[in-house]
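Student: Before we start, here is the structure in question, set down as structure tokens.
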There are 2 protein chains.
Amino acid sequence: MADDVAQAPARAWRVVLDKIETDLLEGRLTPGDRLAPERELSATLGVGRSSVREALRVLEVMGLIKTGTGSGPTSGAIIIATPRGGLAALLRLQVAAQGFPIADVVATRLLLEQWVVGTLAVDGEHDLAAVRSTLTAMDDDALSTEEFLALDAQFHLALADASGNAVVGASMAGLRTSIESYVQAGARRIPDWDATATRLRREHHDLIRAIDSGEADLARSLVHDHITGYYAAAGLTRD
Amino acid sequence: MADDVAQAPARAWRVVLDKIETDLLEGRLTPGDRLAPERELSATLGVGRSSVREALRVLEVMGLIKTGTGSGPTSGAIIIATPRGGLAALLRLQVAAQGFPIADVVATRLLLEQWVVGTLAVDGEHDLAAVRSTLTAMDDDALSTEEFLALDAQFHLALADASGNAVVGASMAGLRTSIESYVQAGARRIPDWDATATRLRREHHDLIRAIDSGEADLARSLVHDHITGYYAAAGLTRD
DNA sequence: CGTGTATTGTGGTCGGACCACAAAGATGAG
DNA sequence: CTCATCTTTGTGGTCCGACCACAATACACG
């Protein structure tokens, strides 16, 4: 519960991480800013450049900074704070390492998505333009399975984003990519893919209709059945 | 949407990360296993040891491995897959970097916790022993504000864990720690702390009672009011 | 046989040396 | 004077070699 300042005798890289985190917290660093050059950080904090790099690598993978070589405005380490990639990487690795059972990932996705559609239905303030355009793109019959699945992911992600909650949006994105390979494997197990795709399309339209008409409970129920239905059809259920 | 395999010309550390991820996925590495020594990985993958270390650092912060010096069973890098710390670190940093608005974090916590108590109420299969023991520990009137808040965190976390969903549990833990300092700051703003603590205790008991009697809707409603009530009292609302 | 010392294997850290790259500045031809 | 080219500078990316700290094991010696 507290990996805080406590006894951190060694761990040079943690010094760097802590320094940057406090700079962030105190407003000395905000998105768009450039970090000091690695060599300068190294000298300032009294640690080796390798240690600085280890800390920066962590920040990069977590989606906090973007590094660029060369000179000019795109060089150096820049604060970006785009949680998507970091969350996705974390969840993907945890699933790979069996820290997160697939069933729990799916269940979490389900509960988040139910909240999303319920929220969208209750409050009509949200912009569903991206959702609708994806929806019409999916109506193309010539789509391959992979293309359809990609658009499907985009559809659900657009829904989450429309809710306006960045944490939910990023979580949905992360959860999805962490089980992406399983979803694709499941699709290959579905005998009559065209029928399934047709059903998914219809369910998407029904869902949007429920949201538009403000039927929150219906929307929640539809999205629940939509998701569990797919996983059942793909032989991925076990919860 | 795809930070996948694509063109990764340089990025020596990514080679290491990918190698370990695929080893995980293919079952060549499972929790409890030891990674090859850094120097060996370096030689095997044809990258410098520094690059290996950068990758291992990422894995360590994400909670996938634990490193130990010296010899014997606790030395080297061991797969542990404990998502808690990694998720907490990620969320904390993203909040610090303004990638996640506090309001969104709170809203997400709220929706997760409503799902948790609803699930617990509907399905009596869960073990609430840890929750109950924390609850009784909180009844001690001599607790300081900090101790009370720590137990409160433990209470809500125990609830999430009781749901049996590792993703939800880890997320709750991460969300909580990411806004921990704000919660504590809020507590200091509450004029009559004792009255607030008394109210929180009562609400906890009411909540458990609702769960025990299987009143899911009531439990959801209670937990909603409980959380929003606290944030309102602490002057943290703004959604 | 037992005890204490040397060896080995491991991560942790540092410093230096390159390279690749991109911008800015210096140089020179026209 | 203008513009194109070359050089310099600042930056991350990578590798290498050298130590240190630490823990287990091997081994020598009493």
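In the structure tokens, the first chain shown is A, the next is B, and so on; residue numbers restart at 1 for each chain, and ligands run from 1 in the order shown.
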Please identify every residue of chain C that has at least one atom no more than 9 Å from any atom of chain B, counting only C-alpha atoms (C1' of nucleotides), and report them as a PyMOL selection string.
Tutor: chain C and resi 9-12
Student: Store the residues picked out above, limited to C-alpha atoms (C1' of nucleotides), as a compact mmCIF listing (two decimals), in the first residue's frame.
Tutor:
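Full text of again_10.txt as output:
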# COMPACT_ATOMS: atom_id res chain seq x y z
C1' DG C 9 26.92 -16.38 -9.54
C1' DT C 10 23.73 -12.84 -9.44
C1' DG C 11 21.71 -8.13 -9.77
C1' DG C 12 22.98 -2.87 -9.17
Student: Show me which bits of chain D are within 9 Å of chain A, counting only C-alpha atoms (C1' of nucleotides), as a PyMOL selection string.
Tutor: chain D and resi 10-13
Student: Have a look at atom CA of B:Arg34 and atom CA of B:Ala173 and let me know their distance in Å, one decimal.
Tutor: 27.1 Å
Student: Can you pull out the residues contacting stretch 175-186 of chain A? Cut-off 6 Å, using only C-alpha atoms (C1' of nucleotides), and skip same-chain residues under 3 positions away; I want them as a PDB file with C-alpha atoms, in the first residue's frame.
Tutor:
ATOM      1  CA  LEU A  91      -2.869  -5.914 -19.019  1.00  0.00           C
ATOM      2  CA  ARG A  92      -1.479  -7.881 -21.922  1.00  0.00           C
ATOM      3  CA  SER A 171      -9.419   0.368 -19.486  1.00  0.00           C
ATOM      4  CA  MET A 172     -11.734  -0.872 -22.177  1.00  0.00           C
ATOM      5  CA  ARG A 189     -13.941 -21.557 -34.299  1.00  0.00           C
ATOM      6  CA  ALA A 234     -16.714 -18.654 -29.899  1.00  0.00           C
TER       7      ALA A 234
END
Student: Check the DSSP output for the backbone and give back, as an MDAnalysis selection string, the residues of chain A in strand (DSSP E or B).
Tutor: chainID A and resid 34 65:68 76:79
Student: Taking only C-alpha atoms into account, find every residue of chain B that has an atom no more than 8 Å from chain A, and write it out as number ranges by chain.
Tutor: B: 3, 21, 24-25, 29-31, 50, 53-55, 57-58, 61-62, 64, 79, 81-83, 86-87, 90, 93-94, 96-101, 104-105, 107-108, 111-112, 115, 165-168, 177
Student: How about saving the chosen residues, C-alpha atoms kept, as a PDB file, in the first residue's frame?
Tutor:
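again28.pdb was written with the following content:
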ATOM      1  CA  ASP B   3       1.703  -1.282 -30.775  1.00  0.00           C
ATOM      2  CA  GLU B  21       6.175 -12.010 -23.489  1.00  0.00           C
ATOM      3  CA  LEU B  24       5.090 -16.328 -21.225  1.00  0.00           C
ATOM      4  CA  LEU B  25       2.411 -16.849 -23.849  1.00  0.00           C
ATOM      5  CA  LEU B  29       7.802 -19.227 -18.568  1.00  0.00           C
ATOM      6  CA  THR B  30       5.267 -19.478 -15.791  1.00  0.00           C
ATOM      7  CA  PRO B  31       4.906 -17.812 -12.416  1.00  0.00           C
ATOM      8  CA  SER B  50      21.835  -2.314 -20.468  1.00  0.00           C
ATOM      9  CA  ARG B  53      18.027  -4.238 -17.853  1.00  0.00           C
ATOM     10  CA  GLU B  54      15.712  -1.629 -19.292  1.00  0.00           C
ATOM     11  CA  ALA B  55      13.274  -4.344 -20.257  1.00  0.00           C
ATOM     12  CA  ARG B  57      12.946  -2.749 -15.159  1.00  0.00           C
ATOM     13  CA  VAL B  58       9.709  -2.333 -17.036  1.00  0.00           C
ATOM     14  CA  VAL B  61       7.551  -1.968 -12.221  1.00  0.00           C
ATOM     15  CA  MET B  62       4.608  -3.641 -13.902  1.00  0.00           C
ATOM     16  CA  LEU B  64       5.661  -9.192 -13.461  1.00  0.00           C
ATOM     17  CA  ILE B  79       8.096 -14.305 -12.562  1.00  0.00           C
ATOM     18  CA  ALA B  81       2.611 -11.713 -11.849  1.00  0.00           C
ATOM     19  CA  THR B  82       1.224  -9.543  -9.073  1.00  0.00           C
ATOM     20  CA  PRO B  83      -0.725  -6.885 -10.954  1.00  0.00           C
ATOM     21  CA  GLY B  86       2.007  -2.221 -11.427  1.00  0.00           C
ATOM     22  CA  LEU B  87      -1.514  -1.030 -11.910  1.00  0.00           C
ATOM     23  CA  LEU B  90       0.546   3.269 -13.688  1.00  0.00           C
ATOM     24  CA  LEU B  93       1.606   8.371 -12.625  1.00  0.00           C
ATOM     25  CA  GLN B  94      -1.179   8.964 -15.096  1.00  0.00           C
ATOM     26  CA  ALA B  96       0.012  12.916 -11.740  1.00  0.00           C
ATOM     27  CA  ALA B  97       0.545  13.622 -15.424  1.00  0.00           C
ATOM     28  CA  GLN B  98      -3.087  14.633 -15.835  1.00  0.00           C
ATOM     29  CA  GLY B  99      -3.777  11.754 -18.202  1.00  0.00           C
ATOM     30  CA  PHE B 100      -6.602  10.690 -15.902  1.00  0.00           C
ATOM     31  CA  PRO B 101      -8.845  13.334 -14.324  1.00  0.00           C
ATOM     32  CA  ASP B 104     -12.962   9.971 -13.822  1.00  0.00           C
ATOM     33  CA  VAL B 105     -10.985   7.924 -11.354  1.00  0.00           C
ATOM     34  CA  ALA B 107     -16.440   7.654 -11.150  1.00  0.00           C
ATOM     35  CA  THR B 108     -14.709   4.458 -12.186  1.00  0.00           C
ATOM     36  CA  LEU B 111     -18.998   1.905 -10.867  1.00  0.00           C
ATOM     37  CA  LEU B 112     -16.631  -0.915  -9.996  1.00  0.00           C
ATOM     38  CA  TRP B 115     -20.753  -3.975  -9.388  1.00  0.00           C
ATOM     39  CA  ASN B 165     -12.419 -10.956  -9.937  1.00  0.00           C
ATOM     40  CA  ALA B 166      -8.689 -10.310  -9.995  1.00  0.00           C
ATOM     41  CA  VAL B 167      -8.955  -7.536 -12.548  1.00  0.00           C
ATOM     42  CA  VAL B 168     -11.562  -5.685 -10.528  1.00  0.00           C
ATOM     43  CA  THR B 177      -3.851   4.489  -4.315  1.00  0.00           C
TER      44      THR B 177
END
Student: Skip B:Arg202 itself and residues of its chain fewer than 4 positions away, then list as a list of chain:residue names all residues within 12 Å of it, counting only C-alpha atoms (C1' of nucleotides).
Tutor: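 Result of the neighbour search: B:Leu135, B:Thr136, B:Met138, B:Asp139, B:Ala195, B:Thr196, B:Ala197, B:Thr198, B:Asp206, B:Leu207, B:Ile208, B:Arg209, B:Leu222, B:Val223, B:His226.
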Student: Taking into account only C-alpha atoms (C1' of nucleotides), which residue in the set C:DT8, C:DG2, C:DT13, C:DG28 is nearest to D:DA23?
Tutor: C:DT8
Student: As an exercise, work out the distance from atom CA of A:Gly118 to atom CA of A:Ser163 in Å and give it to one decimal place.
Tutor: 9.5 Å
